2 protein chains.
Amino acid sequence: MSRKIAILGGTGPAGTGLALRWTRAGESIIIGSRDAKRAQETAAAMASKIGSAARVEGMDNVAACAATDILVFTVPFEGHATLLKQLKPHFRPGSILIDATVPLETSVGGRATRTLAIWAGSAPQQAAELVPDGVSVVAAFQNVSAEVLNGEGSAECDVIVCSDDKRAKTIVSELAEKIPGVRAIDGGKLENARVLEELTALLIGINIRYKAHGAGIRVTGLPGLTNVRS
Amino acid sequence: MSRKIAILGGTGPAGTGLALRWTRAGESIIIGSRDAKRAQETAAAMASKIGSAARVEGMDNVAACAATDILVFTVPFEGHATLLKQLKPHFRPGSILIDATVPLETSVGGRATRTLAIWAGSAPQQAAELVPDGVSVVAAFQNVSAEVLNGEGSAECDVIVCSDDKRAKTIVSELAEKIPGVRAIDGGKLENARVLEELTALLIGINIRYKAHGAGIRVTGLPGLTNVRS
């Protein structure tokens with residue numbers, strides 16, 4: 001498996017934050033966007049920020065999808081199904097799609113502190129219905145603040161990882177823990193992604209009430225777990 | 001306002017855990033149960049465990065409801081609406097009902113790692129429909145492990161408190177922070193209780209996968225918040 005990671009919808013705050021953290025960790029990143037030029041500009045800005053060792057490039061979402069087998073979705077929910085349908089012929093067999101999309105009510109003119117009820121259960125479950133057979137969907141990164149990811153400090157939060165494919169869950173957990181201060185937690189099956197989505201809306205509300213931008217969560221009471229890398 | 005706290009359905013693990021922590025903190029507790037004798041036995045066992053300073057008594061749920069104006073609901077969801085209807089004539093005006101009930105799928109023969117979709121949105125919102133006018137409902141304590149509450153150590157978790165009544169939210173937050181290691185977090189309106197319920201199901205799954213019993217959560221990234229008492 002290639003270790004290039006393509007971040008589709010990667011020019012938004014969540015996408016650039018993940019790209020920044022993983023590029024710093026030495027991963028090779030493709031930023032995908034509807035607009036190839038915008039993706040290239042974002043990649044160039046990131047490379048100049050990180051330095052000459054940075055391996056980050058930009059291309060349109062379709063080319064990014066076709067270029068590797070680890071894909072991250074950080075798109076506004078209103079573009080989620082449309083992009084998946086567009087990408088369907090371009091997935092590599094055996095790819096892992098990491099879906100961080102949250103169906104906030106803002107997609108239909110509502111509030112960021114509420115989610116939409118998705119017929120499939122959650123955005124990642126909707127993704128699982130729309131990808132070709134053999135592509136594994138993993139839900140992760142919903143609850144990490146984009147502002148924290150785009151900052152310099154330790155992220156100090158857990159990333160709960162849900163999937164029906166254990167091998168994919170292991171790979172994504174390892175990627176999550178490349179972000180300083182992040183601990184990956186096995187969140188069980190993909191169907192549990194709905195909880196991560198609702199939790200995102202709750203954390204957005206907590207950010208508003210506490211005049212913060214970086215609310216995340218840690219699971220406590222798991223004495224058997226290894227310490228967080230920092 | 002009287003400081004007696006009545007815990008209805010208080011002979012189960014969550015109820016006894018809260019009763020134990022609050023009795024230790026010097027609060028005066030009424031344990032309520034369908035069966036007054038069982039409530040009295042539970043109260044007597046707790047008093048003998050804590051010592052002569054313990055202020056804890058037992059009575060049936062109706063008498064407990066009528067005896068004070070701070071009520072905690074720790075009942076299995078299948079008994080939630082029935083008990084509320086039974087109690088309706090017995091609430092003191094201005095009472096605060098703290099609802100910790102989680103509508104787990106176990107109520108209808110399903111799994112503890114899943115919740116039921118409640119028409120009202122969540123158990124506390126269902127409670128708000130069933131209590132007399134002037135009774136405030138607060139959602140809290142869903143995500144605190146009963147095993148942790150029944151133990152000796154610091155609880156090391158946050159209690160997210162949701163209500164449409166700010167005064168009630170403040171009182172419940174103060175009560176929550178009487179439990180060593182607990183920090184209360186303003187979770188916004190009562191409608192957000194649905195997130196706490198789903199989170200409980202997720203934490204139960206995490207307990208199973210990590211062979212733990214005490215999974216809870218902390219909200220990270222809130223630098224403005226005061227430290228947790230321990």
# chains A, B, ... in the order shown; residues from 1 in each chain; ligands from 1
>>> select_by_dssp(residues="stretch 42-215 of chain A", states="helix (DSSP H, G or I)", output="compact mmCIF listing (two decimals) with N, CA and C atoms, in the first residue's frame")
# COMPACT_ATOMS: atom_id res chain seq x y z
N THR A 42 -2.62 25.87 -2.18
CA THR A 42 -2.64 25.47 -0.76
C THR A 42 -1.42 24.61 -0.43
N ALA A 43 -1.10 23.69 -1.33
CA ALA A 43 0.05 22.81 -1.12
C ALA A 43 1.35 23.62 -1.10
N ALA A 44 1.46 24.60 -2.00
CA ALA A 44 2.68 25.41 -2.07
C ALA A 44 2.84 26.26 -0.81
N ALA A 45 1.73 26.81 -0.34
CA ALA A 45 1.78 27.62 0.88
C ALA A 45 2.22 26.76 2.06
N MET A 46 1.71 25.53 2.10
CA MET A 46 2.07 24.63 3.20
C MET A 46 3.54 24.24 3.12
N ALA A 47 4.01 23.95 1.91
CA ALA A 47 5.42 23.56 1.72
C ALA A 47 6.34 24.69 2.16
N SER A 48 5.97 25.93 1.83
CA SER A 48 6.85 27.04 2.20
C SER A 48 6.82 27.27 3.72
N LYS A 49 5.70 26.90 4.35
CA LYS A 49 5.60 27.03 5.80
C LYS A 49 6.46 25.96 6.51
N ILE A 50 6.43 24.75 5.98
CA ILE A 50 7.07 23.62 6.67
C ILE A 50 8.55 23.50 6.31
N ASN A 61 -9.76 16.74 -7.12
CA ASN A 61 -10.19 15.61 -6.29
C ASN A 61 -10.12 14.28 -7.03
N VAL A 62 -10.52 14.27 -8.32
CA VAL A 62 -10.53 13.01 -9.08
C VAL A 62 -9.11 12.48 -9.23
N ALA A 63 -8.20 13.35 -9.62
CA ALA A 63 -6.80 12.93 -9.79
C ALA A 63 -6.22 12.47 -8.46
N ALA A 64 -6.58 13.18 -7.38
CA ALA A 64 -6.08 12.81 -6.05
C ALA A 64 -6.58 11.43 -5.64
N CYS A 65 -7.84 11.17 -5.92
CA CYS A 65 -8.45 9.87 -5.59
C CYS A 65 -7.76 8.74 -6.35
N ALA A 66 -7.47 9.01 -7.63
CA ALA A 66 -6.85 7.98 -8.48
C ALA A 66 -5.38 7.75 -8.14
N ALA A 67 -4.79 8.69 -7.42
CA ALA A 67 -3.33 8.67 -7.22
C ALA A 67 -2.88 7.83 -6.03
N PHE A 77 -20.91 18.70 4.19
CA PHE A 77 -21.81 17.59 3.94
C PHE A 77 -22.65 17.77 2.67
N GLU A 78 -22.98 19.00 2.31
CA GLU A 78 -23.81 19.21 1.11
C GLU A 78 -23.11 18.75 -0.17
N GLY A 79 -21.76 18.59 -0.11
CA GLY A 79 -21.05 18.10 -1.29
C GLY A 79 -20.65 16.63 -1.19
N HIS A 80 -21.02 15.97 -0.11
CA HIS A 80 -20.54 14.62 0.21
C HIS A 80 -20.98 13.57 -0.82
N ALA A 81 -22.27 13.42 -1.02
CA ALA A 81 -22.77 12.39 -1.94
C ALA A 81 -22.35 12.69 -3.38
N THR A 82 -22.42 13.95 -3.77
CA THR A 82 -22.08 14.33 -5.15
C THR A 82 -20.62 13.98 -5.46
N LEU A 83 -19.73 14.30 -4.53
CA LEU A 83 -18.31 14.01 -4.76
C LEU A 83 -18.08 12.49 -4.80
N LEU A 84 -18.75 11.75 -3.92
CA LEU A 84 -18.57 10.30 -3.91
C LEU A 84 -19.02 9.68 -5.23
N LYS A 85 -20.13 10.18 -5.78
CA LYS A 85 -20.62 9.65 -7.07
C LYS A 85 -19.63 9.97 -8.18
N GLN A 86 -19.07 11.18 -8.11
CA GLN A 86 -18.10 11.60 -9.12
C GLN A 86 -16.82 10.74 -9.05
N LEU A 87 -16.44 10.39 -7.84
CA LEU A 87 -15.19 9.65 -7.65
C LEU A 87 -15.32 8.16 -7.92
N LYS A 88 -16.55 7.65 -7.93
CA LYS A 88 -16.76 6.19 -7.92
C LYS A 88 -15.89 5.43 -8.94
N PRO A 89 -15.78 5.89 -10.20
CA PRO A 89 -14.97 5.10 -11.15
C PRO A 89 -13.46 5.23 -10.92
N HIS A 90 -13.06 6.09 -10.00
CA HIS A 90 -11.64 6.42 -9.89
C HIS A 90 -10.95 5.83 -8.66
N GLU A 105 -26.33 20.87 10.53
CA GLU A 105 -27.57 21.48 10.01
C GLU A 105 -27.27 22.68 9.11
N THR A 106 -26.07 23.25 9.22
CA THR A 106 -25.66 24.36 8.34
C THR A 106 -25.76 24.01 6.86
N SER A 107 -25.66 22.72 6.54
CA SER A 107 -25.79 22.30 5.13
C SER A 107 -27.12 22.69 4.53
N VAL A 108 -28.14 22.84 5.37
CA VAL A 108 -29.46 23.23 4.88
C VAL A 108 -29.93 24.51 5.55
N ALA A 123 -22.81 10.18 7.89
CA ALA A 123 -22.12 10.44 6.62
C ALA A 123 -21.23 9.27 6.21
N PRO A 124 -20.43 8.70 7.12
CA PRO A 124 -19.59 7.57 6.68
C PRO A 124 -20.40 6.35 6.24
N GLN A 125 -21.55 6.13 6.86
CA GLN A 125 -22.39 5.02 6.39
C GLN A 125 -22.96 5.33 5.01
N GLN A 126 -23.30 6.58 4.76
CA GLN A 126 -23.73 7.00 3.43
C GLN A 126 -22.58 6.78 2.43
N ALA A 127 -21.37 7.13 2.85
CA ALA A 127 -20.20 6.91 1.99
C ALA A 127 -20.05 5.43 1.66
N ALA A 128 -20.26 4.57 2.67
CA ALA A 128 -20.10 3.13 2.45
C ALA A 128 -21.08 2.61 1.40
N GLU A 129 -22.25 3.28 1.31
CA GLU A 129 -23.23 2.87 0.28
C GLU A 129 -22.81 3.34 -1.11
N LEU A 130 -21.94 4.35 -1.20
CA LEU A 130 -21.64 4.99 -2.47
C LEU A 130 -20.27 4.62 -3.06
N ALA A 146 -10.43 22.03 14.06
CA ALA A 146 -9.61 22.45 12.93
C ALA A 146 -8.60 23.50 13.37
N GLU A 147 -9.00 24.35 14.31
CA GLU A 147 -8.08 25.39 14.78
C GLU A 147 -6.89 24.76 15.52
N VAL A 148 -7.17 23.74 16.30
CA VAL A 148 -6.07 23.03 16.99
C VAL A 148 -5.14 22.38 15.96
N LEU A 149 -5.73 21.72 14.96
CA LEU A 149 -4.90 21.06 13.94
C LEU A 149 -4.02 22.05 13.21
N LYS A 166 -11.30 -4.09 10.34
CA LYS A 166 -10.32 -3.94 11.43
C LYS A 166 -8.95 -3.51 10.93
N ARG A 167 -8.54 -4.02 9.78
CA ARG A 167 -7.23 -3.66 9.23
C ARG A 167 -7.21 -2.16 8.93
N ALA A 168 -8.28 -1.66 8.34
CA ALA A 168 -8.35 -0.23 8.02
C ALA A 168 -8.36 0.59 9.31
N LYS A 169 -9.03 0.09 10.32
CA LYS A 169 -9.10 0.80 11.61
C LYS A 169 -7.70 0.92 12.21
N THR A 170 -6.91 -0.14 12.09
CA THR A 170 -5.53 -0.10 12.61
C THR A 170 -4.70 0.94 11.87
N ILE A 171 -4.80 0.96 10.55
CA ILE A 171 -4.02 1.92 9.74
C ILE A 171 -4.41 3.35 10.09
N VAL A 172 -5.69 3.59 10.22
CA VAL A 172 -6.15 4.95 10.51
C VAL A 172 -5.76 5.35 11.94
N SER A 173 -5.80 4.40 12.86
CA SER A 173 -5.39 4.70 14.24
C SER A 173 -3.92 5.10 14.29
N GLU A 174 -3.10 4.42 13.51
CA GLU A 174 -1.68 4.78 13.46
C GLU A 174 -1.49 6.18 12.87
N LEU A 175 -2.25 6.49 11.83
CA LEU A 175 -2.17 7.83 11.23
C LEU A 175 -2.61 8.89 12.24
N ALA A 176 -3.68 8.61 12.96
CA ALA A 176 -4.18 9.58 13.94
C ALA A 176 -3.10 9.88 14.98
N LEU A 190 -18.73 0.91 12.07
CA LEU A 190 -18.97 2.16 11.34
C LEU A 190 -20.28 2.81 11.78
N GLU A 191 -21.27 2.01 12.16
CA GLU A 191 -22.57 2.57 12.56
C GLU A 191 -22.46 3.53 13.75
N ASN A 192 -21.36 3.41 14.52
CA ASN A 192 -21.18 4.32 15.66
C ASN A 192 -20.74 5.72 15.24
N ALA A 193 -20.45 5.90 13.95
CA ALA A 193 -20.06 7.23 13.46
C ALA A 193 -21.12 8.28 13.78
N ARG A 194 -22.37 7.87 13.88
CA ARG A 194 -23.43 8.85 14.18
C ARG A 194 -23.18 9.54 15.53
N VAL A 195 -22.59 8.82 16.46
CA VAL A 195 -22.31 9.42 17.77
C VAL A 195 -21.22 10.49 17.63
N LEU A 196 -20.21 10.20 16.81
CA LEU A 196 -19.13 11.17 16.61
C LEU A 196 -19.68 12.45 15.98
N GLU A 197 -20.65 12.29 15.08
CA GLU A 197 -21.23 13.47 14.43
C GLU A 197 -22.00 14.33 15.44
N GLU A 198 -22.80 13.68 16.25
CA GLU A 198 -23.58 14.44 17.23
C GLU A 198 -22.65 15.11 18.25
N LEU A 199 -21.59 14.38 18.60
CA LEU A 199 -20.62 14.93 19.54
C LEU A 199 -19.96 16.19 18.96
N THR A 200 -19.71 16.19 17.67
CA THR A 200 -19.14 17.39 17.03
C THR A 200 -20.05 18.59 17.24
N ALA A 201 -21.33 18.39 17.00
CA ALA A 201 -22.29 19.49 17.18
C ALA A 201 -22.29 19.96 18.63
N LEU A 202 -22.22 19.01 19.57
CA LEU A 202 -22.18 19.39 21.00
C LEU A 202 -20.92 20.18 21.31
N LEU A 203 -19.78 19.74 20.76
CA LEU A 203 -18.51 20.45 21.03
C LEU A 203 -18.53 21.85 20.41
N ILE A 204 -19.17 22.01 19.27
CA ILE A 204 -19.29 23.35 18.67
C ILE A 204 -20.09 24.26 19.62
N GLY A 205 -21.15 23.74 20.19
CA GLY A 205 -21.92 24.51 21.16
C GLY A 205 -21.10 24.85 22.40
N ILE A 206 -20.30 23.88 22.86
CA ILE A 206 -19.44 24.13 24.03
C ILE A 206 -18.41 25.21 23.70
N ASN A 207 -17.82 25.16 22.50
CA ASN A 207 -16.90 26.22 22.07
C ASN A 207 -17.58 27.59 22.14
N ILE A 208 -18.80 27.66 21.67
CA ILE A 208 -19.52 28.94 21.67
C ILE A 208 -19.74 29.41 23.12
N ARG A 209 -20.24 28.52 23.98
CA ARG A 209 -20.56 28.92 25.35
C ARG A 209 -19.32 29.28 26.16
>>> residues_around(residues="stretch 8-22 of chain A", least_positions_apart="2", cutoff="6 Å", atoms="only C-alpha atoms", output="PyMOL selection string")
chain A and resi 24-25+27+31-33+61+72-75+146+149-150+179
>>> select_by_dssp(residues="stretch 82-141 of chain B", states="strand (DSSP E or B)", output="list in words")
Ile96, Leu97, Ile98, Asp99, Leu104, Thr115, Ser136, Val137, Val138 and Ala139 of chain B
>>> residues_around(residues="A:Ser145", least_positions_apart="6", cutoff="7 Å", atoms="only C-alpha atoms", output="PyMOL selection string")
chain A and resi 214-216
>>> atom_distance(atom1="atom CA of B:Phe141", atom2="atom CA of A:Val182")
25.9 Å
>>> residues_around(residues="stretch 93-98 of chain B", least_positions_apart="6", cutoff="7 Å", atoms="only C-alpha atoms", output="compact mmCIF listing (two decimals) with all heavy atoms, in the first residue's frame")
# COMPACT_ATOMS: atom_id res chain seq x y z
N ASP B 69 -37.55 18.89 46.57
CA ASP B 69 -37.69 19.54 45.26
C ASP B 69 -36.44 19.39 44.38
O ASP B 69 -36.32 20.07 43.36
CB ASP B 69 -38.06 21.01 45.42
CG ASP B 69 -37.17 21.73 46.40
OD1 ASP B 69 -36.12 21.17 46.75
OD2 ASP B 69 -37.52 22.85 46.82
N ILE B 70 -35.53 18.50 44.80
CA ILE B 70 -34.43 18.11 43.89
C ILE B 70 -34.52 16.60 43.71
O ILE B 70 -34.33 15.83 44.65
CB ILE B 70 -33.04 18.50 44.43
CG1 ILE B 70 -32.96 20.02 44.62
CG2 ILE B 70 -31.95 18.05 43.44
CD1 ILE B 70 -31.57 20.52 45.02
N LEU B 71 -34.86 16.22 42.48
CA LEU B 71 -35.14 14.82 42.18
C LEU B 71 -34.19 14.34 41.11
O LEU B 71 -33.91 15.06 40.14
CB LEU B 71 -36.58 14.68 41.67
CG LEU B 71 -37.64 15.39 42.53
CD1 LEU B 71 -38.93 15.54 41.74
CD2 LEU B 71 -37.87 14.61 43.82
N VAL B 72 -33.69 13.13 41.29
CA VAL B 72 -32.82 12.53 40.28
C VAL B 72 -33.48 11.26 39.78
O VAL B 72 -33.98 10.47 40.59
CB VAL B 72 -31.42 12.19 40.87
CG1 VAL B 72 -30.48 11.70 39.77
CG2 VAL B 72 -30.83 13.41 41.58
N PHE B 73 -33.52 11.09 38.46
CA PHE B 73 -34.13 9.92 37.85
C PHE B 73 -33.03 8.99 37.35
O PHE B 73 -32.28 9.33 36.44
CB PHE B 73 -34.96 10.39 36.65
CG PHE B 73 -36.43 10.13 36.77
CD1 PHE B 73 -37.12 10.59 37.87
CD2 PHE B 73 -37.13 9.44 35.79
CE1 PHE B 73 -38.49 10.35 38.00
CE2 PHE B 73 -38.49 9.21 35.90
CZ PHE B 73 -39.16 9.66 37.01
N GLY B 134 -43.78 24.23 35.47
CA GLY B 134 -43.02 24.78 36.58
C GLY B 134 -41.96 23.83 37.11
O GLY B 134 -41.12 24.23 37.92
N VAL B 135 -41.98 22.57 36.68
CA VAL B 135 -40.90 21.65 37.05
C VAL B 135 -39.84 21.71 35.95
O VAL B 135 -40.16 21.58 34.77
CB VAL B 135 -41.41 20.20 37.22
CG1 VAL B 135 -40.25 19.23 37.44
CG2 VAL B 135 -42.40 20.13 38.38
N SER B 136 -38.59 21.97 36.33
CA SER B 136 -37.50 22.08 35.36
C SER B 136 -36.79 20.75 35.20
O SER B 136 -36.46 20.11 36.21
CB SER B 136 -36.48 23.12 35.81
OG SER B 136 -37.04 24.41 35.74
N VAL B 137 -36.53 20.38 33.97
CA VAL B 137 -35.80 19.14 33.72
C VAL B 137 -34.37 19.47 33.32
O VAL B 137 -34.13 20.38 32.52
CB VAL B 137 -36.49 18.30 32.62
CG1 VAL B 137 -35.69 17.03 32.34
CG2 VAL B 137 -37.92 17.96 33.04
N VAL B 138 -33.44 18.74 33.89
CA VAL B 138 -32.01 18.89 33.59
C VAL B 138 -31.48 17.51 33.21
O VAL B 138 -31.75 16.53 33.90
CB VAL B 138 -31.23 19.41 34.83
CG1 VAL B 138 -29.75 19.55 34.52
CG2 VAL B 138 -31.81 20.74 35.30
N ALA B 139 -30.73 17.45 32.13
CA ALA B 139 -30.07 16.19 31.73
C ALA B 139 -28.65 16.21 32.27
O ALA B 139 -27.92 17.18 32.06
CB ALA B 139 -30.05 16.06 30.21
N ALA B 140 -28.26 15.15 32.96
CA ALA B 140 -26.90 15.07 33.52
C ALA B 140 -26.63 13.66 34.00
O ALA B 140 -27.57 12.88 34.22
CB ALA B 140 -26.74 16.05 34.69
N ALA B 168 -31.53 26.11 37.17
CA ALA B 168 -31.47 24.67 37.46
C ALA B 168 -30.13 24.09 37.03
O ALA B 168 -29.54 23.25 37.73
CB ALA B 168 -32.62 23.95 36.75
>>> atom_distance(atom1="atom CA of A:Arg55", atom2="atom CA of A:Lys4")
9.4 Å
>>> closest_residue(among="A:Ser52, A:Gln142, A:Thr68, A:Thr115", to="chain B", atoms="only C-alpha atoms")
A:Thr115
>>> residues_around(residues="A:Cys157", least_positions_apart="4", cutoff="9 Å", atoms="only C-alpha atoms", output="JSON, numbers by chain")
{"A": [143, 144, 181, 182, 183, 184, 215, 216, 217, 218, 219], "B": [219, 220, 221]}
>>> atom_distance(atom1="atom CA of B:Ile118", atom2="atom CA of B:Asp35")
27.7 Å
